[in-house]
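Here the structure is laid out as structure tokens; the discussion comes afterwards.
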Amino acid sequence: MRGRFAVVEALRAEGVRYVFGNPGTTESPLMDALDRAPDLKYILAAQEGVAMGMADGYARASGDVPFVNLHIDTGLSNGLSLLFNAYAGGTPLVLSSVNASLSKMADYRTDLAGLTQQFTKWGAEVTHADQIPSVMRRAFAEARTPPTGPTFVGFAPESLDSEADLSIAPRTDTFVRAGPDPRAVEAAAAVLAKAQRPLMVVGDRVAQYDAVDAAVAVAERLGARVYGAGYAEMTFPTGHAQWIGQLPPYARLYPEQLRAADMVLAVGCKVFHDFFDLPTDVLAPDATLIHMDCNASEINRSQPTDLGILCDPRAGLDALAEALDAAFDPARVEAAVDRAARIAAETAAKRAATQVAIQSCRSSRPMPPLRMMHELARAAPEDTVIVDDSISARPILHEAFEFSRPGSMHSERAGGAIGWGMGAALGVKLAEPDRPVLGIVGDGSAMLSAQALWTASAYRIPAVYAVCNNGGYRVLKVNLHAYFEHVLGEPDRPTSYLGMDLPQEFDLAALAGAMGVVSERIEDPERIGPAFERALDSGKPALLDIVIDGAL
Ligand SMILES: Cc1ncc(C[n+]2csc(CCOP(=O)(O)OP(=O)(O)O)c2C)c(N)n1
Ligand SMILES: [Mg+2]
């Protein structure tokens, strides 16, 4: 078999259905092989960030590992930004590129695996056809086993054009639910049973490893407040009475309840992550921090941890729930029920306040982001998947929408690169063709990968976009003030928001029209619901450019 056909066979064996990419001259051998494999659908992106965004969204919504192909040094470099997000958040995908001929070793041939090394879990460059089966198998296996993440395979053209005796093994799945050490569970349950002010922090790996129900079971037994760290997936039902919300991006703004907790159970998340510096003194000195995670390198990383438990989050939480039942006597059960009731009263009051805020901003123009999100939430069918790239409107989006099931929301990954949502919405729609998919995207992020509109139109992928048109990079202004206040100690420092205010609006509605995507610009909030419904009914991609207030 020629190497390039072995690559295709390996993709089939791994269950790949979509290849996202943008080819170049060096990719000719691979494109020739893919051209003869119509069962692997090639989706062309007109910018590499769009291919990476699509692959990230597709992987997260489908649970499959997609294959991405970008062109040698140049196209690959364009994809690095969202590769970093995928790496930071643990999205399983296999990225590839075809390098220059091996004969050019002394003539500007670069090390592509080296280029991507810092942002991948594993990578290699294939020089001979007979390496293809094992390298492809390892690239997919590394991507999909915990901690999941992107991997890279580079191909020398010689490896694709030469022949070898090759056999591609069928994919073998590894069962990854590694259980916790029973001693650790017992120790954790003993500490937790004594807690008076317990608090839970849940992260993306709770969603990724199907542990949301198990997290709810533990939170209810403890009567604990629950915070999210990371935002990228639905890690806890946001309508649950014990769900308080996401931790803010700066440790200085962490809620006082975190500092007041006597016991913190963190599961499947970073502990803790701050925009500016390494957060210290986040917890009270005598608080006990338990961190359960399947990613060994996250445990004991930023915070000294009293008890680390390396295991699959669901296996760990299930075992912990059982151990708590044994450790809780009736008095402790009663205390937990009381705590949960007090938290429920607080969260109900907070939700009522949001409703009041929605009503009281009805006549404000431009409409505040809360009104935009409320109108979208009202109009969205129940099975809608939200792709949240709303940047500074994110906390508001999460107040207005209720997410009760894992997979009902995917948000920008921890890496922080913008330009994710436009491609991601398409990847999610390809993975979930029967569900409405709504990408809620900041105008700055949308502009960074507006080429996604072309892919949406050309491949008839009917995702709907709602652009948060606030006419600027609002989050950077917010963060500039945080810098002035918290780092410089000069909260009133004057600024002209250089590079953050747009001298001219991004006209995404016009851009969408030019790329064949139906669009409308919306200033009146009453028009949002009907426009969204029309867009869904059309069965075509559409963009709603919604003008919102950008005030800080
Ligand atoms: C690839 C990349 N380039 C630049 C940045 C820096 N950056 C972070 S947020 C942002 C602007 C986001 O603007 P927008 O999408 O309009 O959201 P808003 O802040 O207005 O809510 C920029 C430029 C980044 N995070 N990633
Ligand atoms: Mg903006």
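Labels used: A, B, ... for chains in the order of the structure tokens, numbers from 1 for residues in each chain, and numbers from 1 for ligands as shown.
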Among region 258-503 of chain A, which residues carry a DSSP assignment of strand (DSSP E), reported as a PyMOL selection string? chain A and resi 263-267+288-293+307-310+385-389+409-411+437-442+464-469
Surrounding residues as an MDAnalysis selection string, ligand 2, max 6 Å, only C-alpha atoms and all ligand atoms: chainID A and resid 442:444 469:474
Could you report the residues within 8 Å of ligand 1, using only C-alpha atoms and all ligand atoms, as a count of residues only? 32
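When only C-alpha atoms are used to measure the gap to Ser97 (chain A), the shortest distance among A:Ala156, A:Asn78, A:Asn85, A:Leu258 belongs to A:Ala156.
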Write out as a list of chain:residue names each polymer residue whose atoms come within 7 Å of Ala251 (chain A), counting only C-alpha atoms; drop sequence neighbours fewer than 2 positions from it.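 Those residues are A:Pro249, A:Leu253, A:Tyr254, A:Asp274, A:Pro279, A:Val282.
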Those same residues - N, CA and C atoms - I'd like them written as a PDB file, in the first residue's frame.
```pdb
ATOM      1  N   PRO A 249     -12.536  35.696  36.895  1.00  0.00           N
ATOM      2  CA  PRO A 249     -11.193  35.435  36.359  1.00  0.00           C
ATOM      3  C   PRO A 249     -10.045  35.933  37.233  1.00  0.00           C
ATOM      4  N   LEU A 253     -11.172  38.853  43.066  1.00  0.00           N
ATOM      5  CA  LEU A 253     -12.634  39.015  43.052  1.00  0.00           C
ATOM      6  C   LEU A 253     -13.357  37.751  43.519  1.00  0.00           C
ATOM      7  N   TYR A 254     -12.612  36.771  43.968  1.00  0.00           N
ATOM      8  CA  TYR A 254     -13.265  35.533  44.410  1.00  0.00           C
ATOM      9  C   TYR A 254     -14.243  35.844  45.543  1.00  0.00           C
ATOM     10  N   ASP A 274      -5.754  32.537  37.646  1.00  0.00           N
ATOM     11  CA  ASP A 274      -5.960  33.984  37.684  1.00  0.00           C
ATOM     12  C   ASP A 274      -5.344  34.606  36.430  1.00  0.00           C
ATOM     13  N   PRO A 279      -2.549  32.923  42.103  1.00  0.00           N
ATOM     14  CA  PRO A 279      -3.327  33.288  43.275  1.00  0.00           C
ATOM     15  C   PRO A 279      -2.841  32.550  44.524  1.00  0.00           C
ATOM     16  N   VAL A 282      -5.950  32.131  48.686  1.00  0.00           N
ATOM     17  CA  VAL A 282      -7.333  32.103  48.217  1.00  0.00           C
ATOM     18  C   VAL A 282      -8.223  31.485  49.293  1.00  0.00           C
TER      19      VAL A 282
END
```
Could you give me, as a PyMOL selection string, each residue of region 79-259 of chain A that DSSP assigns to helix (DSSP H, G or I) when run on this structure's backbone? chain A and resi 79-89+102-104+112-119+129-144+157-161+182-194+204-208+212-222+251-253+256-259
What is the distance, in Å and to one decimal place, between CA of Cys269 (chain A) and CA of Gly230 (chain A)?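 These atoms are spaced 7.1 Å apart.
Counting only C-alpha atoms and comparing A:Thr145, A:Asp312, A:Leu376, A:Asp173, the residue that lies closest to Ala214 (chain A) is A:Asp312.
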Identify, on the basis of only C-alpha atoms, every residue whose closest approach to Gly516 (chain A) does not exceed 9 Å; exclude the query and any residue fewer than 5 positions from it along the same chain; express the result as a ChimeraX atom specification. /A:453-454,456-458,511,541
Residues just named, written with all heavy atoms as an mmCIF file, in the first residue's frame:
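In the end it all went to result-v1.cif:
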```
data_model
loop_
_atom_site.group_PDB
_atom_site.id
_atom_site.type_symbol
_atom_site.label_atom_id
_atom_site.label_comp_id
_atom_site.auth_asym_id
_atom_site.auth_seq_id
_atom_site.Cartn_x
_atom_site.Cartn_y
_atom_site.Cartn_z
ATOM 1 N N LEU A 453 -18.166 32.165 7.837
ATOM 2 C CA LEU A 453 -19.450 32.394 7.150
ATOM 3 C C LEU A 453 -19.425 31.768 5.759
ATOM 4 O O LEU A 453 -20.423 31.249 5.267
ATOM 5 C CB LEU A 453 -19.729 33.904 7.055
ATOM 6 C CG LEU A 453 -19.982 34.584 8.407
ATOM 7 C CD1 LEU A 453 -19.837 36.090 8.299
ATOM 8 C CD2 LEU A 453 -21.367 34.205 8.928
ATOM 9 N N TRP A 454 -18.260 31.828 5.140
ATOM 10 C CA TRP A 454 -18.145 31.223 3.808
ATOM 11 C C TRP A 454 -18.331 29.699 3.898
ATOM 12 O O TRP A 454 -19.070 29.101 3.117
ATOM 13 C CB TRP A 454 -16.781 31.574 3.190
ATOM 14 C CG TRP A 454 -16.606 30.882 1.875
ATOM 15 C CD1 TRP A 454 -17.038 31.317 0.659
ATOM 16 C CD2 TRP A 454 -16.032 29.591 1.668
ATOM 17 N NE1 TRP A 454 -16.770 30.379 -0.307
ATOM 18 C CE2 TRP A 454 -16.147 29.302 0.289
ATOM 19 C CE3 TRP A 454 -15.443 28.639 2.500
ATOM 20 C CZ2 TRP A 454 -15.685 28.107 -0.271
ATOM 21 C CZ3 TRP A 454 -14.990 27.457 1.956
ATOM 22 C CH2 TRP A 454 -15.098 27.208 0.579
ATOM 23 N N ALA A 456 -19.925 28.055 6.186
ATOM 24 C CA ALA A 456 -21.333 27.796 6.535
ATOM 25 C C ALA A 456 -22.187 27.800 5.284
ATOM 26 O O ALA A 456 -23.041 26.925 5.076
ATOM 27 C CB ALA A 456 -21.829 28.849 7.523
ATOM 28 N N SER A 457 -21.938 28.787 4.432
ATOM 29 C CA SER A 457 -22.746 28.924 3.215
ATOM 30 C C SER A 457 -22.388 27.844 2.188
ATOM 31 O O SER A 457 -23.259 27.160 1.658
ATOM 32 C CB SER A 457 -22.505 30.327 2.640
ATOM 33 O OG SER A 457 -23.056 30.433 1.365
ATOM 34 N N ALA A 458 -21.088 27.665 1.944
ATOM 35 C CA ALA A 458 -20.654 26.747 0.892
ATOM 36 C C ALA A 458 -21.032 25.304 1.196
ATOM 37 O O ALA A 458 -21.348 24.529 0.294
ATOM 38 C CB ALA A 458 -19.144 26.875 0.695
ATOM 39 N N LEU A 511 -20.949 41.531 5.897
ATOM 40 C CA LEU A 511 -19.999 40.467 5.556
ATOM 41 C C LEU A 511 -20.725 39.143 5.320
ATOM 42 O O LEU A 511 -20.423 38.410 4.379
ATOM 43 C CB LEU A 511 -19.045 40.261 6.726
ATOM 44 C CG LEU A 511 -17.615 40.741 6.576
ATOM 45 C CD1 LEU A 511 -16.853 40.465 7.864
ATOM 46 C CD2 LEU A 511 -16.942 40.051 5.407
ATOM 47 N N PRO A 541 -27.853 28.613 7.144
ATOM 48 C CA PRO A 541 -27.086 29.416 8.102
ATOM 49 C C PRO A 541 -27.581 30.856 8.094
ATOM 50 O O PRO A 541 -28.031 31.344 7.051
ATOM 51 C CB PRO A 541 -25.648 29.323 7.584
ATOM 52 C CG PRO A 541 -25.752 28.905 6.158
ATOM 53 C CD PRO A 541 -27.017 28.118 6.031
#
```
Residue nearest Val226 (chain A) among A:Ile244, A:Ala514, A:Val212, A:Leu543 (counting only C-alpha atoms):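 Closest to Val226 (chain A), using only C-alpha atoms: A:Ile244.
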Which of these, A:Lys121, A:Arg371, A:Tyr18, A:Arg378, has the shortest distance to Pro530 (chain A) once you count only C-alpha atoms? A:Arg378
Env of region 350-359 of chain A: 9 Å cut, atoms = only C-alpha atoms, seq-sep filter 2 positions within chain, self excluded. Answer as a PyMOL selection string. chain A and resi 345-348+361-363+370-371+374+399-400
Skipping near chain neighbours, those fewer than 4 positions away, what residues fall within 12 Å of Pro23 (chain A) using only C-alpha atoms, listed as a list in words?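 My reading of the contact set: Val19, Glu27, Ser28, Pro29, Leu30, Met31, Asp32, Leu34, Tyr42, Ile43, Leu44, Ala45, Ala46, Gln47, Glu48, Ala51, Val68, Asn69, Leu70, His71, Ile72, Asp73, Thr74, Gly75, Leu76, Ser96, Ser97, Val98 and Asn99 of chain A.
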At a cut-off of 12 Å, can you tabulate as a Markdown table every residue of region 303-383 of chain A near region 431-439 of chain A together with its closest atom pair and the distance in Å to one decimal, using only C-alpha atoms and ordering rows by chain then number?
```
| residue | atom | partner | partner_atom | distance |
| --- | --- | --- | --- | --- |
| A:Met373 | CA | A:Leu438 | CA | 11.6 |
| A:Leu376 | CA | A:Leu438 | CA | 9.2 |
| A:Ala377 | CA | A:Leu438 | CA | 10.3 |
| A:Ala379 | CA | A:Leu438 | CA | 11.0 |
| A:Ala380 | CA | A:Pro436 | CA | 8.2 |
| A:Pro381 | CA | A:Pro436 | CA | 7.4 |
| A:Glu382 | CA | A:Pro436 | CA | 9.0 |
| A:Asp383 | CA | A:Arg435 | CA | 6.1 |
```
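Restricting the calculation to only C-alpha atoms, the smallest distance between Pro180 (chain A) and any of A:Glu375, A:Asp111, A:Asp318, A:Ser360 is found for A:Asp318.
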Fewer than 5 positions away in the same chain doesn't count, so skip those; otherwise give me all residues within 9 Å of region 5-10 of chain A, counting only C-alpha atoms, as a list in words. Gly15, Val16, Leu30, Ala33, Leu34, Ala37, Leu40, Ala129, Ile132, Pro133, Met136, Arg137, Leu160, Leu166, Ser167, Ile168, Ala169, Pro170 and Arg171 of chain A
Go ahead and save the residues from that selection, with all heavy atoms, as a tab-separated table (two decimals), in the first residue's frame.
```tsv
chain	number	residue	atom	x	y	z
A	15	GLY	N	-12.43	5.78	13.05
A	15	GLY	CA	-13.82	6.26	13.06
A	15	GLY	C	-13.97	7.72	12.65
A	15	GLY	O	-14.98	8.35	12.95
A	16	VAL	N	-12.96	8.26	11.96
A	16	VAL	CA	-13.04	9.68	11.55
A	16	VAL	C	-14.09	9.85	10.46
A	16	VAL	O	-14.16	9.06	9.52
A	16	VAL	CB	-11.65	10.15	11.04
A	16	VAL	CG1	-11.75	11.51	10.36
A	16	VAL	CG2	-10.67	10.20	12.19
A	30	LEU	N	-1.76	13.85	0.09
A	30	LEU	CA	-2.84	13.56	1.03
A	30	LEU	C	-4.19	13.92	0.40
A	30	LEU	O	-5.17	13.17	0.54
A	30	LEU	CB	-2.62	14.37	2.31
A	30	LEU	CG	-3.53	14.00	3.47
A	30	LEU	CD1	-3.30	12.57	3.91
A	30	LEU	CD2	-3.28	14.94	4.66
A	33	ALA	N	-5.36	11.27	-1.91
A	33	ALA	CA	-5.92	10.09	-1.22
A	33	ALA	C	-7.30	10.41	-0.67
A	33	ALA	O	-8.23	9.60	-0.78
A	33	ALA	CB	-4.98	9.64	-0.11
A	34	LEU	N	-7.47	11.60	-0.08
A	34	LEU	CA	-8.78	11.96	0.49
A	34	LEU	C	-9.82	12.12	-0.61
A	34	LEU	O	-11.00	11.83	-0.42
A	34	LEU	CB	-8.66	13.27	1.29
A	34	LEU	CG	-7.88	13.18	2.62
A	34	LEU	CD1	-7.65	14.57	3.22
A	34	LEU	CD2	-8.63	12.29	3.62
A	37	ALA	N	-11.69	9.13	-1.17
A	37	ALA	CA	-12.35	8.58	0.04
A	37	ALA	C	-13.55	9.46	0.40
A	37	ALA	O	-13.52	10.20	1.39
A	37	ALA	CB	-11.36	8.53	1.20
A	40	LEU	N	-14.97	10.07	3.93
A	40	LEU	CA	-14.37	11.03	4.86
A	40	LEU	C	-14.68	12.42	4.31
A	40	LEU	O	-14.14	12.81	3.28
A	40	LEU	CB	-12.85	10.84	4.94
A	40	LEU	CG	-12.36	9.47	5.35
A	40	LEU	CD1	-10.83	9.41	5.31
A	40	LEU	CD2	-12.85	9.14	6.76
A	129	ALA	N	6.89	5.20	5.02
A	129	ALA	CA	5.51	4.70	4.96
A	129	ALA	C	5.24	3.67	6.07
A	129	ALA	O	4.15	3.64	6.64
A	129	ALA	CB	5.24	4.07	3.59
A	132	ILE	N	3.58	4.70	9.35
A	132	ILE	CA	2.23	5.31	9.39
A	132	ILE	C	1.25	4.59	10.32
A	132	ILE	O	0.61	5.24	11.15
A	132	ILE	CB	1.68	5.49	7.95
A	132	ILE	CG1	2.44	6.65	7.29
A	132	ILE	CG2	0.16	5.77	7.95
A	132	ILE	CD1	2.15	6.87	5.83
A	133	PRO	N	1.10	3.27	10.23
A	133	PRO	CA	0.09	2.64	11.10
A	133	PRO	C	0.32	2.91	12.58
A	133	PRO	O	-0.60	3.29	13.30
A	133	PRO	CB	0.23	1.14	10.76
A	133	PRO	CG	0.80	1.12	9.39
A	133	PRO	CD	1.72	2.31	9.31
A	136	MET	N	-0.10	6.81	13.50
A	136	MET	CA	-1.51	7.23	13.49
A	136	MET	C	-2.25	6.65	14.71
A	136	MET	O	-3.03	7.33	15.36
A	136	MET	CB	-2.20	6.78	12.19
A	136	MET	CG	-1.71	7.48	10.95
A	136	MET	SD	-2.11	9.25	10.93
A	136	MET	CE	-3.83	9.22	10.48
A	137	ARG	N	-1.96	5.39	15.00
A	137	ARG	CA	-2.64	4.75	16.13
A	137	ARG	C	-2.29	5.47	17.43
A	137	ARG	O	-3.16	5.78	18.24
A	137	ARG	CB	-2.24	3.28	16.19
A	137	ARG	CG	-3.23	2.42	16.97
A	137	ARG	CD	-2.96	0.93	16.83
A	137	ARG	NE	-1.67	0.53	17.34
A	137	ARG	CZ	-0.69	-0.01	16.62
A	137	ARG	NH1	-0.85	-0.25	15.33
A	137	ARG	NH2	0.47	-0.34	17.17
A	160	LEU	N	4.37	9.36	2.13
A	160	LEU	CA	3.02	9.23	1.54
A	160	LEU	C	3.07	8.63	0.14
A	160	LEU	O	2.11	8.00	-0.31
A	160	LEU	CB	2.36	10.62	1.49
A	160	LEU	CG	2.14	11.29	2.85
A	160	LEU	CD1	1.61	12.71	2.67
A	160	LEU	CD2	1.18	10.48	3.72
A	166	LEU	N	1.78	-2.86	4.60
A	166	LEU	CA	1.19	-2.23	5.77
A	166	LEU	C	-0.11	-2.88	6.14
A	166	LEU	O	-0.90	-3.22	5.26
A	166	LEU	CB	0.92	-0.74	5.48
A	166	LEU	CG	2.12	0.10	5.06
A	166	LEU	CD1	1.67	1.50	4.66
A	166	LEU	CD2	3.13	0.18	6.19
A	167	SER	N	-0.34	-3.03	7.43
A	167	SER	CA	-1.69	-3.45	7.81
A	167	SER	C	-2.16	-2.52	8.93
A	167	SER	O	-1.42	-2.19	9.86
A	167	SER	CB	-1.72	-4.91	8.23
A	167	SER	OG	-1.17	-5.04	9.50
A	168	ILE	N	-3.39	-2.08	8.78
A	168	ILE	CA	-3.96	-1.13	9.73
A	168	ILE	C	-4.84	-1.91	10.70
A	168	ILE	O	-5.82	-2.53	10.29
A	168	ILE	CB	-4.82	-0.07	9.00
A	168	ILE	CG1	-4.03	0.58	7.86
A	168	ILE	CG2	-5.38	0.97	9.97
A	168	ILE	CD1	-2.90	1.47	8.28
A	169	ALA	N	-4.51	-1.83	11.97
A	169	ALA	CA	-5.30	-2.57	12.97
A	169	ALA	C	-6.59	-1.82	13.25
A	169	ALA	O	-6.60	-0.58	13.22
A	169	ALA	CB	-4.49	-2.70	14.25
A	170	PRO	N	-7.68	-2.54	13.52
A	170	PRO	CA	-8.90	-1.83	13.91
A	170	PRO	C	-8.67	-1.10	15.23
A	170	PRO	O	-7.82	-1.50	16.03
A	170	PRO	CB	-9.94	-2.94	14.07
A	170	PRO	CG	-9.24	-4.23	13.95
A	170	PRO	CD	-7.83	-3.99	13.53
A	171	ARG	N	-9.43	-0.03	15.43
A	171	ARG	CA	-9.27	0.76	16.66
A	171	ARG	C	-9.62	-0.09	17.88
A	171	ARG	O	-10.63	-0.79	17.88
A	171	ARG	CB	-10.20	1.96	16.56
A	171	ARG	CG	-10.41	2.68	17.84
A	171	ARG	CD	-11.37	3.82	17.62
A	171	ARG	NE	-12.04	4.15	18.87
A	171	ARG	CZ	-12.96	5.10	18.99
A	171	ARG	NH1	-13.34	5.78	17.93
A	171	ARG	NH2	-13.49	5.34	20.15
```
Correct to one decimal, the distance CA of Ser538 (chain A)-CA of Val518 (chain A) is 9.6 Å
Out of A:Val385, A:Val135, A:Val94, A:Leu115, which residue has the shortest atom-to-atom distance to Ser404 (chain A) when counting only C-alpha atoms?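 For Ser404 (chain A), the nearest of the candidates is A:Val385.
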Enter the distance from CA of Ala143 (chain A) to CA of Leu83 (chain A), in Å, rounded to one decimal.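 Distance between the two atoms: 12.9 Å.
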